[in-house]
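Asks: One structure follows; several queries about it will come next.
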Amino acid sequence: MTGGFEGQGTAPTTALPAVVARVTALADRLGVPHAEVFDVGRLSIASGVPESVVRALLSGRPAGEPDVQARFVQRLDLLRRTRLKPNGRKYTQQEIADGAGMSRQQAGALINGDRRPTMEHCDAIQRFFRVHAGFLTAEDPEALAGALQHTEQELLQKLADREREAAAAADDPLERLLQDHGVRGIAWRAAQLPTDQHRDKVAEWLDMLLESVQRPES
């Protein structure tokens, strides 16, 4: 396998503070405890970031950043400890080697940090452990932001479910429109748009939509 990390492009880093703020606001709106959505152990397993670094990043403190090889070894060790075989045991070096299409010697050198991984190594090992692309290589803030975005999607789904139930109970045409067209979700996401011009366009569309619906006479 050839082609190291040098010269490889990286995806733009997602702004972690913005994701944290959105998850916090959604949790508050739904009455979900912060300790649940920001569970350090769960986020560490999901992102590959050590728990101590997760705590620091969530607190807004710099946590340093390991070099690419150290990060790879750290994340691969976490995978071996948390993604176990059906019998509860860790995958052996030979099993990882066979699953990733490399020799046992290659796998051992990568696991022990004696060999610098290539992007091909990372892709093969990520496929073997069934984790997303970039799990072994993303910088800590980006990896944590990605894990929190999954939490954000789960909270948005809970919010949609709650509003669907409320609309059904109220039998209100406006409530049904808000739910059927996902208006609240659109409005929530519009608030995250980068400029006032973008937000104004969405607001204009929402105003037109809402004006088209009349509530029943009380």
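Please note that chains go A, B, ... in the order of the structure tokens, that every chain numbers its residues from 1, and that ligands are numbered from 1 in the order shown.
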Which neighbours of stretch 145-156 of chain A fall inside 7 Å, counting only C-alpha atoms, when residues of the same chain fewer than 3 positions from it are skipped, and could you give them as a list in words?
Replies: Thr14, Leu16, Val19, Val23, Leu26, Val37, Leu43, Ala46, Ser47, Pro141, Glu142, Leu159 and Ala160 of chain A
Asks: Excluding A:Ser103 and residues on its chain fewer than 5 positions from it, collect all residues at most 12 Å away from it, counting only C-alpha atoms, and give them as a ChimeraX atom specification.
Replies: /A:1,93-98,108-110,121
Asks: Just write the chosen residues, N, CA, C and O atoms, as a compact mmCIF listing (two decimals), in the first residue's frame.
Replies:
# COMPACT_ATOMS: atom_id res chain seq x y z
N MET A 1 0.85 -1.19 0.00
CA MET A 1 0.00 0.00 0.00
C MET A 1 0.89 1.24 0.00
O MET A 1 1.89 1.30 0.69
N GLN A 93 -4.69 -9.32 16.18
CA GLN A 93 -3.95 -8.70 15.09
C GLN A 93 -4.19 -9.45 13.78
O GLN A 93 -4.34 -8.84 12.72
N GLN A 94 -4.23 -10.78 13.86
CA GLN A 94 -4.43 -11.57 12.65
C GLN A 94 -5.81 -11.33 12.06
O GLN A 94 -5.97 -11.22 10.84
N GLU A 95 -6.83 -11.24 12.91
CA GLU A 95 -8.19 -10.99 12.42
C GLU A 95 -8.30 -9.62 11.77
O GLU A 95 -8.97 -9.46 10.74
N ILE A 96 -7.65 -8.64 12.38
CA ILE A 96 -7.66 -7.29 11.78
C ILE A 96 -6.93 -7.31 10.45
O ILE A 96 -7.38 -6.72 9.46
N ALA A 97 -5.78 -8.00 10.42
CA ALA A 97 -5.01 -8.09 9.19
C ALA A 97 -5.83 -8.74 8.08
O ALA A 97 -5.89 -8.24 6.95
N ASP A 98 -6.47 -9.86 8.39
CA ASP A 98 -7.27 -10.57 7.39
C ASP A 98 -8.43 -9.70 6.91
O ASP A 98 -8.71 -9.62 5.71
N GLY A 108 0.40 -5.53 12.97
CA GLY A 108 1.07 -5.38 14.26
C GLY A 108 1.87 -4.09 14.33
O GLY A 108 1.87 -3.40 15.37
N ALA A 109 2.57 -3.76 13.25
CA ALA A 109 3.36 -2.53 13.24
C ALA A 109 2.48 -1.29 13.36
O ALA A 109 2.83 -0.32 14.04
N LEU A 110 1.31 -1.32 12.72
CA LEU A 110 0.39 -0.19 12.80
C LEU A 110 -0.20 -0.06 14.20
O LEU A 110 -0.28 1.04 14.77
N HIS A 121 -4.37 2.28 4.48
CA HIS A 121 -4.46 1.54 5.73
C HIS A 121 -5.68 2.00 6.53
O HIS A 121 -6.46 1.19 7.04
Asks: Could you name the residues that touch A:Asp77 at 10 Å or less, counting only C-alpha atoms, but leaving out those on the same chain fewer than 5 positions away, as a list in words?
Replies: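 That gives Gly48, Arg71, Phe72, Thr82, Ile111 and Asn112 of chain A.
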Asks: Mind dumping the selected residues with C-alpha atoms as a PDB file, in the first residue's frame?
Replies:
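Dumped everything to part.pdb:
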ATOM      1  CA  GLY A  48     -12.506   8.285  19.103  1.00  0.00           C
ATOM      2  CA  ARG A  71      -3.844  10.010  16.733  1.00  0.00           C
ATOM      3  CA  PHE A  72      -4.132   6.909  14.556  1.00  0.00           C
ATOM      4  CA  THR A  82     -14.924  -0.767  22.225  1.00  0.00           C
ATOM      5  CA  ILE A 111      -1.214  -1.175  16.106  1.00  0.00           C
ATOM      6  CA  ASN A 112       2.062  -0.719  17.992  1.00  0.00           C
TER       7      ASN A 112
END
Asks: Nearest residue to A:Ala27 out of A:Thr118, A:Gln157, A:Gln126, A:Ser44, using only C-alpha atoms?
Replies: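 When distances to A:Ala27 are compared using only C-alpha atoms, the smallest one comes from A:Gln157.
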Asks: Please report the interatomic distance between atom CA of A:Ala166 and atom CA of A:Pro33 in Å with one decimal.
Replies: 21.9 Å
Asks: May I have the residues within 9 Å of A:Phe129 as a list in words, using only C-alpha atoms and disregarding those fewer than 4 positions away in the same chain?
Replies: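 Contacts, with the query itself left out: Leu79, Arg80, Arg83, Ile96, Gly99, Ala124 and Ile125 of chain A.
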Asks: Could you tell me which of A:Ala35, A:Leu58, A:Leu76, A:Ala100 comes closest to A:Val20 if we count only C-alpha atoms?
Replies: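 Under the stated criterion, the closest residue is A:Leu58.
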Asks: Record the distance separating atom CA of A:Gln105 and atom CA of A:Met119, expressed in Å with one decimal.
Replies: 17.9 Å
